[in-house]
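This report refers to the structure that appears directly beneath it.
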Number of protein chains: 2
Amino acid sequence: MRVSIKDVAKAAGVSHSTVSRALANNPLIAEPTRRRIQRVAQKMGYAPNAIARGLVTRRTQTIGVIVTTIEDPFIAEVVRGIEEVAADSGYRVFLGTSHNDSAREVGLVKALREWRVDGVIVASSRVGALYQPLLKEIGAPIVLINNQNRKSPTRQKSDAGKIYSVVFDDADGGELATRYLISQGHRVIAYLGGPSDYAANRNRLAGYRRALVAAHIAFDPARVRTGNGRVESGEQVSALFLPASSPTAIFCYNDMTAIGALAALKRRGLRVPGDLSVVGFDDIPFAGYIDPPLTTIHQPKDEMGRLAMRMLLDLLDEKKVANVLVPGKLIVRESTRDISTTATRS
Amino acid sequence: MRVSIKDVAKAAGVSHSTVSRALANNPLIAEPTRRRIQRVAQKMGYAPNAIARGLVTRRTQTIGVIVTTIEDPFIAEVVRGIEEVAADSGYRVFLGTSHNDSAREVGLVKALREWRVDGVIVASSRVGALYQPLLKEIGAPIVLINNQNRKSPTRQKSDAGKIYSVVFDDADGGELATRYLISQGHRVIAYLGGPSDYAANRNRLAGYRRALVAAHIAFDPARVRTGNGRVESGEQVSALFLPASSPTAIFCYNDMTAIGALAALKRRGLRVPGDLSVVGFDDIPFAGYIDPPLTTIHQPKDEMGRLAMRMLLDLLDEKKVANVLVPGKLIVRESTRDISTTATRS
DNA sequence: AATCTTAATGCACACGTGTGCATGCGAGGA
DNA sequence: TCCTCGCATGCACACGTGTGCATTAAGATT
């Protein structure tokens with residue numbers, strides 16, 4: 001049988017209330033008494049029961065984290081950021097993976113509700129997008145990371161209740177990547193996209209167009225393809241070599257697509273960056289280890305996790321919080337090359 | 001204010017005990033009463049309080065999972081397996097990352113103890129190795145995955161208490177890889193190892209030697225190097241090219257090391273698998289996407305997670321369980337080549 | 001008709017902790 | 001000496017649920 005606060009009380013010859021206060025370092029308890037009780041508790045191997053405490057304080061010091069799958073290195077890094085801040089603030093993390101399976105999602109939300117978590121962070125596009133009413137049932141503050149449901153997260157209505165979000169600035173990232181290619185002398189730049197119904201894809205494409213417009217380069221829909229965000233959509237590169245002219249650079253929806261593109265280009269006998277420059281997106285852990293090391297847009301994933309958790313802590317403290325739009329960073333590696341002549345430079 | 005079982009009882013005009021039983025589908029309650037109560041509860045949006053329930057049943061339906069870091073794709077896959085089985089069995093997962101930081105580890109164990117988790121799974125070498133006494137304090141069954149502390153997990157003493165383990169058969173994997181290289185005609189095979197104090201490294205090396213002995217090839221310590229298991233230890237390949245003779249194949253401690261080795265070989269102007277065959281270990285997600293796609297030993301990571309969770313479920317049911325040694329599988333891709341002449345074959 | 005059996009429901013306690021309020025006690029001032 | 005005040009501690013209730021046992025009512029049995 002586990003030792004409870006009453007056992008300690010009996011052993012120390014005081015009431016359980018005194019023990020409770022002594023262990024909480026409540027100044028009401030006299031110094032010597034407190035020290036004695038703490039010694040006794042220590043010796044008896046007493047560990048407070050968080051369950052009972054949660055029942056009376058109505059605070060569990062626990063947050064729920066819902067993700068699509070923990071295997072996605074992107075999500076793993078976000079979760080790491082969350083866990084880091086949570087642990088430092090004395091919070092525990094309930095992890096649930098939805099696998100984009102409705103039954104699982106419903107079950108998860110129900111479980112979090114029953115466990116009375118203090119707050120919830122969701123990094124699972126579908127849950128965030130489709131289950132907002134369900135999420136609200138939890139009755140705890142909620143922060144979504146990179147949710148794909150709103151076109152513009154900053155336009156969130158106040159009547160959306162307690163649902164806030166941290167999202168990456170995809171449009172800015174797309175512009176960053178494209179502007180860099182242009183600065184390297186590229187004029188014919190293709191976009192090898194992701195799923196057309198993803199806001200991330202739409203926004204990256206929008207940034208791409210913005211950069212073209214700024215450089216007075218005409219946008220050509222024929223230079224844009226959609227994919228599924230995985231390696232196999234790299235095959236689509238073939239479709240980008242038009243009879244009229246071929247691109248000198250390809251901006252890819254994400255690193256996985258870029259990796260597929262590199263493989264497809266190699267099979268065509270084209271060399272990167274010799275014949276063609278390629279830019280990815282996300283900066284997954286492997287981006288620096290493939291051949292050639294990939295130039296890409298870095299998303300500060302752990303930082304986004306930390307931001308979300310800090311936001312949640314603020315919400316729990318009933319502070320005012322605002323949604324956050326996180327900017328990316330260009331990481332130049334070896335899959336891109338400057339093709340502008342020295343003449344145009346001087 | 002949240003609606004409790006008493007509120008439902010009042011609304012339905014019965015006692016709270018009846019509600020409790022009705023919602024648990026206890027046959028003691030008459031069919032019509034039960035249906036009526038369930039309807040009322042549904043309409044009032046009642047969600048049982050798992051905290052209160054846990055307090056009285058002394059079962060939390062929760063397990064703790066301690067890992068080094070969730071960013072490691074290897075661990076992520078293990079966690080996925082655990083989570084999968086846990087969810088299907090009605091268990092929730094508390095995730096904690098230790099980052100090999102003692103303070104964090106102690107804090108984690110304390111937290112799990114206070115939350116009265118029903119069981120614990122540890123996939124963090126250090127925690128498993130150094131904190132067994134600490135772990136025991138939790139007072140719940142414990143399953144370790146790939147713990148590095150025992151030389152031979154099957155020799156576990158029964159007095160070790162409730163600590164069980166699921167470990168990968170590294171020696172068998174090392175033998176599998178080496179035997180394959182030998183079957184491809186290689187006679188001079190180097191081992192580019194990992195940290196010398198890791199049991200995994202020692203066991204893979206032991207398997208390598210076993211395969212050599214079986215093929216009557218002399219073991220030469222000069223053909224073995226240690227590393228840190230990360231990409232940079234691939235640089236060590238240079239040390240393997242002895243004046244006397246150079247290897248035709250390299251067996252690497254893990255895929256990360258192999259990736260480093262591939263890069264280093266390329267810089268030396270050597271082609272894989274043309275000039276040299278390379279075999280990795282682990283089969284990380286990227287192993288199939290690098291250039292050339294890596295021949296490696298597959299560890300069924302998600303399966304190991306599932307096994308560990310099932311073992312834990314058995315322990316919770318007070319069934320007898322035995323430690324498990326999980327075998328690997330050779331995955332042949334394109335980093336290896338058969339160099340035996342057709343003459344010797346016929 | 002009286003008693004027994006069975007089915008359905010309520011009562012009351014327990015789980016372990018936190019906390020408002022009452023209580024006791026000693027010291028100091030009138 | 002009595003009253004007051006402040007400090008340290010104990011009492012008792014609450015949190016929400018599960019469950020052994022008592023209770024009630026209705027039907028069956030003698």
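Just so we're on the same page: first chain in the structure tokens is A, next is B, and so on; residues restart at 1 for each chain, and ligands are numbered from 1 in the order they show up.
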> Within 8 Å of chain A, which residues of chain D show up when using only C-alpha atoms (C1' of nucleotides), listed as a VMD selection string?
Replying inline: chain D and resid 8 to 10 14 to 16
Counting only C-alpha atoms, which residues of chain B fall within 8 Å of chain A, and what is the closest atom pair for each with its distance in Å at one decimal, ordered by chain and rising number, as a tab-separated table?
residue	atom	partner	partner_atom	distance
B:Ala47	CA	A:Glu114	CA	6.1
B:Pro48	CA	A:Glu114	CA	5.8
B:Asn49	CA	A:Glu114	CA	5.1
B:Ala50	CA	A:Glu114	CA	5.1
B:Ile51	CA	A:Ile51	CA	5.8
B:Ala52	CA	A:Leu55	CA	6.2
B:Gly54	CA	A:Ile51	CA	7.0
B:Leu55	CA	A:Ile51	CA	6.1
B:Thr69	CA	A:Arg80	CA	7.5
B:Ile70	CA	A:Ala76	CA	5.9
B:Glu71	CA	A:Ala76	CA	5.2
B:Pro73	CA	A:Glu71	CA	6.6
B:Ala76	CA	A:Glu71	CA	5.2
B:Glu77	CA	A:Glu71	CA	5.7
B:Val79	CA	A:Ile70	CA	7.7
B:Arg80	CA	A:Ile70	CA	6.4
B:Glu83	CA	A:Gly96	CA	7.4
B:Arg92	CA	A:Phe94	CA	7.3
B:Val93	CA	A:Leu95	CA	5.8
B:Phe94	CA	A:Phe94	CA	4.8
B:Leu95	CA	A:Val93	CA	5.8
B:Gly96	CA	A:Val93	CA	7.2
B:Thr97	CA	A:Glu83	CA	7.4
B:Ala111	CA	A:Arg92	CA	7.9
B:Arg113	CA	A:Ala47	CA	7.2
B:Glu114	CA	A:Asn49	CA	5.1
B:Trp115	CA	A:Ala50	CA	5.1
B:Arg116	CA	A:Asn49	CA	7.2
B:Ile259	CA	A:Tyr289	CA	7.7
B:Phe286	CA	A:Phe286	CA	7.8
B:Tyr289	CA	A:Ile259	CA	7.7
B:Ile290	CA	A:Ile290	CA	6.2
B:Asp291	CA	A:Asp291	CA	7.0
With N, CA and C atoms retained, could you export that selection as an mmCIF file, in the first residue's frame?
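And here's again-v1.cif as it stands now:
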data_model
loop_
_atom_site.group_PDB
_atom_site.id
_atom_site.type_symbol
_atom_site.label_atom_id
_atom_site.label_comp_id
_atom_site.auth_asym_id
_atom_site.auth_seq_id
_atom_site.Cartn_x
_atom_site.Cartn_y
_atom_site.Cartn_z
ATOM 1 N N ALA B 47 -19.375 14.538 -19.231
ATOM 2 C CA ALA B 47 -18.159 13.774 -19.509
ATOM 3 C C ALA B 47 -17.593 13.336 -18.171
ATOM 4 N N PRO B 48 -17.452 12.047 -17.975
ATOM 5 C CA PRO B 48 -16.956 11.554 -16.688
ATOM 6 C C PRO B 48 -15.603 12.160 -16.341
ATOM 7 N N ASN B 49 -15.350 12.336 -15.090
ATOM 8 C CA ASN B 49 -14.091 12.897 -14.631
ATOM 9 C C ASN B 49 -13.098 11.768 -14.337
ATOM 10 N N ALA B 50 -12.144 11.646 -15.249
ATOM 11 C CA ALA B 50 -11.187 10.546 -15.119
ATOM 12 C C ALA B 50 -10.339 10.694 -13.862
ATOM 13 N N ILE B 51 -10.152 11.921 -13.412
ATOM 14 C CA ILE B 51 -9.360 12.168 -12.212
ATOM 15 C C ILE B 51 -10.033 11.501 -11.013
ATOM 16 N N ALA B 52 -11.291 11.829 -10.831
ATOM 17 C CA ALA B 52 -12.024 11.271 -9.695
ATOM 18 C C ALA B 52 -12.086 9.749 -9.800
ATOM 19 N N GLY B 54 -9.998 7.811 -11.283
ATOM 20 C CA GLY B 54 -8.687 7.248 -10.997
ATOM 21 C C GLY B 54 -8.412 7.206 -9.508
ATOM 22 N N LEU B 55 -8.929 8.198 -8.813
ATOM 23 C CA LEU B 55 -8.684 8.250 -7.377
ATOM 24 C C LEU B 55 -9.300 7.047 -6.667
ATOM 25 N N THR B 69 15.101 11.553 -26.771
ATOM 26 C CA THR B 69 14.571 12.687 -27.511
ATOM 27 C C THR B 69 13.649 12.168 -28.594
ATOM 28 N N ILE B 70 12.575 12.865 -28.771
ATOM 29 C CA ILE B 70 11.577 12.431 -29.734
ATOM 30 C C ILE B 70 12.029 12.745 -31.157
ATOM 31 N N GLU B 71 13.080 13.549 -31.290
ATOM 32 C CA GLU B 71 13.545 13.934 -32.625
ATOM 33 C C GLU B 71 14.259 12.808 -33.336
ATOM 34 N N PRO B 73 14.550 9.801 -35.251
ATOM 35 C CA PRO B 73 13.518 9.098 -36.023
ATOM 36 C C PRO B 73 13.340 7.660 -35.563
ATOM 37 N N ALA B 76 11.108 7.896 -32.568
ATOM 38 C CA ALA B 76 9.775 8.333 -32.980
ATOM 39 C C ALA B 76 8.955 7.135 -33.454
ATOM 40 N N GLU B 77 9.615 6.259 -34.192
ATOM 41 C CA GLU B 77 8.893 5.110 -34.716
ATOM 42 C C GLU B 77 8.496 4.155 -33.593
ATOM 43 N N VAL B 79 7.885 5.014 -30.526
ATOM 44 C CA VAL B 79 6.792 5.662 -29.807
ATOM 45 C C VAL B 79 5.478 5.483 -30.559
ATOM 46 N N ARG B 80 5.554 5.556 -31.862
ATOM 47 C CA ARG B 80 4.350 5.371 -32.646
ATOM 48 C C ARG B 80 3.741 3.990 -32.383
ATOM 49 N N GLU B 83 2.157 3.995 -28.933
ATOM 50 C CA GLU B 83 0.940 4.794 -28.889
ATOM 51 C C GLU B 83 -0.221 4.055 -29.568
ATOM 52 N N ARG B 92 -3.807 5.938 -22.157
ATOM 53 C CA ARG B 92 -3.269 7.219 -22.577
ATOM 54 C C ARG B 92 -1.765 7.205 -22.334
ATOM 55 N N VAL B 93 -1.061 8.054 -23.065
ATOM 56 C CA VAL B 93 0.393 8.081 -22.984
ATOM 57 C C VAL B 93 0.914 9.419 -22.466
ATOM 58 N N PHE B 94 1.656 9.346 -21.391
ATOM 59 C CA PHE B 94 2.405 10.491 -20.879
ATOM 60 C C PHE B 94 3.772 10.448 -21.514
ATOM 61 N N LEU B 95 4.134 11.483 -22.249
ATOM 62 C CA LEU B 95 5.439 11.470 -22.895
ATOM 63 C C LEU B 95 6.429 12.359 -22.158
ATOM 64 N N GLY B 96 7.602 11.843 -21.906
ATOM 65 C CA GLY B 96 8.647 12.650 -21.284
ATOM 66 C C GLY B 96 9.966 12.445 -21.991
ATOM 67 N N THR B 97 10.690 13.525 -22.230
ATOM 68 C CA THR B 97 11.996 13.400 -22.871
ATOM 69 C C THR B 97 13.086 13.784 -21.881
ATOM 70 N N ALA B 111 7.525 12.747 -11.546
ATOM 71 C CA ALA B 111 6.214 13.106 -12.085
ATOM 72 C C ALA B 111 5.372 11.860 -12.362
ATOM 73 N N ARG B 113 5.597 9.054 -10.943
ATOM 74 C CA ARG B 113 5.213 8.464 -9.673
ATOM 75 C C ARG B 113 4.015 9.213 -9.100
ATOM 76 N N GLU B 114 4.081 10.521 -9.148
ATOM 77 C CA GLU B 114 3.000 11.312 -8.579
ATOM 78 C C GLU B 114 1.695 11.119 -9.348
ATOM 79 N N TRP B 115 1.812 10.871 -10.626
ATOM 80 C CA TRP B 115 0.604 10.680 -11.419
ATOM 81 C C TRP B 115 0.107 9.242 -11.368
ATOM 82 N N ARG B 116 0.810 8.420 -10.651
ATOM 83 C CA ARG B 116 0.354 7.040 -10.461
ATOM 84 C C ARG B 116 0.056 6.347 -11.790
ATOM 85 N N ILE B 259 26.223 7.076 -44.032
ATOM 86 C CA ILE B 259 26.038 8.273 -44.858
ATOM 87 C C ILE B 259 27.319 9.108 -44.846
ATOM 88 N N PHE B 286 15.404 7.567 -44.132
ATOM 89 C CA PHE B 286 16.070 8.124 -45.293
ATOM 90 C C PHE B 286 16.984 7.156 -46.017
ATOM 91 N N TYR B 289 16.537 6.799 -49.617
ATOM 92 C CA TYR B 289 16.496 7.987 -50.471
ATOM 93 C C TYR B 289 17.849 8.603 -50.729
ATOM 94 N N ILE B 290 18.876 8.137 -50.022
ATOM 95 C CA ILE B 290 20.180 8.722 -50.269
ATOM 96 C C ILE B 290 20.781 8.103 -51.514
ATOM 97 N N ASP B 291 21.948 8.596 -51.903
ATOM 98 C CA ASP B 291 22.546 8.181 -53.161
ATOM 99 C C ASP B 291 23.897 7.549 -52.899
#
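For stretch 115-278 of chain A, the set of residues given strand (DSSP E) by DSSP on the backbone reads Gly119, Val120, Ile121, Val122, Ala123, Ile142, Val143, Leu144, Ile145, Ile163, Tyr164, Ser165, Val166, Val167, Phe168, Ile189, Ala190, Tyr191, Leu192, Val224, Arg225, Ala249, Ile250, Phe251, Cys252, Ser277 and Val278 of chain A.
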> Counting only C-alpha atoms (C1' of nucleotides), which residues of chain C come no farther than 7 Å from chain A, as a ChimeraX atom specification?
Replying inline: /C:16-18
> Where does DSSP see alpha helix (DSSP H) in stretch 70-317 of chain A, if you list the residues as a ChimeraX atom specification?
Replying inline: /A:73-88,102-114,125-130,132-136,170-183,199-214,255-267,301-316
Output of the above residues as a compact mmCIF listing (two decimals), in the first residue's frame, restricted to C-alpha atoms:
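So selection-v7.txt came out as:
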# COMPACT_ATOMS: atom_id res chain seq x y z
CA PRO A 73 10.41 14.70 -38.32
CA PHE A 74 8.80 18.07 -38.70
CA ILE A 75 6.22 17.33 -36.02
CA ALA A 76 8.76 15.60 -33.82
CA GLU A 77 10.74 18.79 -33.63
CA VAL A 78 7.65 20.82 -32.80
CA VAL A 79 6.77 18.39 -30.04
CA ARG A 80 10.26 18.66 -28.67
CA GLY A 81 9.87 22.42 -28.36
CA ILE A 82 6.54 22.00 -26.63
CA GLU A 83 7.83 19.39 -24.24
CA GLU A 84 10.83 21.49 -23.38
CA VAL A 85 8.87 24.53 -22.25
CA ALA A 86 6.19 22.40 -20.62
CA ALA A 87 8.69 20.51 -18.50
CA ASP A 88 10.41 23.70 -17.42
CA SER A 102 -11.72 10.29 -37.50
CA ALA A 103 -12.47 7.65 -34.90
CA ARG A 104 -9.09 8.20 -33.31
CA GLU A 105 -9.53 11.95 -33.36
CA VAL A 106 -12.86 11.80 -31.61
CA GLY A 107 -11.50 9.36 -29.08
CA LEU A 108 -8.54 11.60 -28.39
CA VAL A 109 -10.60 14.68 -27.78
CA LYS A 110 -12.87 12.69 -25.49
CA ALA A 111 -9.92 11.39 -23.51
CA LEU A 112 -8.44 14.85 -23.08
CA ARG A 113 -11.79 16.09 -21.87
CA GLU A 114 -12.13 13.31 -19.35
CA SER A 125 -4.03 19.75 -39.86
CA ARG A 126 -7.28 17.85 -40.00
CA VAL A 127 -8.08 18.03 -36.34
CA GLY A 128 -7.53 21.74 -36.34
CA ALA A 129 -9.50 22.27 -39.48
CA LEU A 130 -12.51 20.08 -39.07
CA GLN A 132 -13.15 22.99 -33.93
CA PRO A 133 -16.59 22.44 -32.38
CA LEU A 134 -15.37 19.18 -30.96
CA LEU A 135 -12.25 20.82 -29.59
CA LYS A 136 -14.27 23.48 -27.86
CA ASP A 170 4.57 30.33 -45.99
CA ALA A 171 4.04 33.22 -48.38
CA ASP A 172 7.07 35.02 -47.04
CA GLY A 173 9.08 31.80 -47.29
CA GLY A 174 8.07 31.28 -50.90
CA GLU A 175 9.04 34.83 -51.71
CA LEU A 176 12.37 34.46 -49.91
CA ALA A 177 13.29 31.36 -51.90
CA THR A 178 12.24 32.75 -55.25
CA ARG A 179 13.84 36.13 -54.67
CA TYR A 180 17.10 34.37 -53.89
CA LEU A 181 17.00 32.40 -57.14
CA ILE A 182 16.35 35.60 -59.03
CA SER A 183 19.29 37.26 -57.31
CA ALA A 199 -3.10 26.40 -47.57
CA ALA A 200 0.65 25.93 -47.18
CA ASN A 201 0.97 25.14 -50.86
CA ARG A 202 -1.24 28.03 -51.91
CA ASN A 203 0.71 30.45 -49.76
CA ARG A 204 4.10 29.28 -50.95
CA LEU A 205 2.90 29.64 -54.50
CA ALA A 206 1.60 33.13 -53.73
CA GLY A 207 5.02 34.12 -52.39
CA TYR A 208 6.66 32.72 -55.52
CA ARG A 209 4.40 34.85 -57.69
CA ARG A 210 5.01 37.90 -55.55
CA ALA A 211 8.77 37.58 -56.06
CA LEU A 212 8.35 37.14 -59.83
CA VAL A 213 6.15 40.19 -60.08
CA ALA A 214 8.61 42.26 -58.08
CA ASP A 255 12.38 19.02 -49.10
CA MET A 256 10.88 15.59 -49.74
CA THR A 257 9.68 16.75 -53.13
CA ALA A 258 13.08 18.30 -53.78
CA ILE A 259 14.78 15.02 -52.98
CA GLY A 260 12.54 13.29 -55.48
CA ALA A 261 13.30 15.97 -58.03
CA LEU A 262 17.05 15.54 -57.52
CA ALA A 263 16.75 11.83 -58.18
CA ALA A 264 14.64 12.38 -61.30
CA LEU A 265 17.04 14.99 -62.64
CA LYS A 266 19.98 12.69 -62.11
CA ARG A 267 18.20 10.00 -64.12
CA LYS A 301 9.98 24.11 -35.76
CA ASP A 302 11.19 23.75 -32.20
CA GLU A 303 10.77 27.47 -31.75
CA MET A 304 7.20 27.20 -33.00
CA GLY A 305 6.56 24.49 -30.44
CA ARG A 306 8.02 26.64 -27.71
CA LEU A 307 5.98 29.62 -28.86
CA ALA A 308 2.78 27.61 -28.79
CA MET A 309 3.46 26.33 -25.30
CA ARG A 310 4.32 29.79 -24.01
CA MET A 311 1.16 31.09 -25.56
CA LEU A 312 -0.78 28.37 -23.79
CA LEU A 313 0.87 29.27 -20.48
CA ASP A 314 -0.19 32.87 -20.99
CA LEU A 315 -3.73 31.73 -21.71
CA LEU A 316 -3.72 29.69 -18.52
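Atom pair atom CA of B:His216 / atom CA of B:Ser335 has a distance of 24.8 Å (rounded to one decimal).
Atom CA of B:Arg36 lies 14.5 Å from atom CA of B:Asp7.
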> Using only C-alpha atoms (C1' of nucleotides), which residues sit within 12 Å of A:His186 once same-chain residues fewer than 3 positions away are excluded, as a ChimeraX atom specification?
Replying inline: /A:177-183,189-190,212,215,217,246-251,275-278,336-341
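One distance worth recording is that between atom CA of B:Gly193 and atom CA of B:Cys252, which is 6.0 Å.
Counting only C-alpha atoms (C1' of nucleotides), the residue from C:DC4, C:DG28, C:DA12, C:DC21 that sits nearest to D:DG27 is C:DC4.
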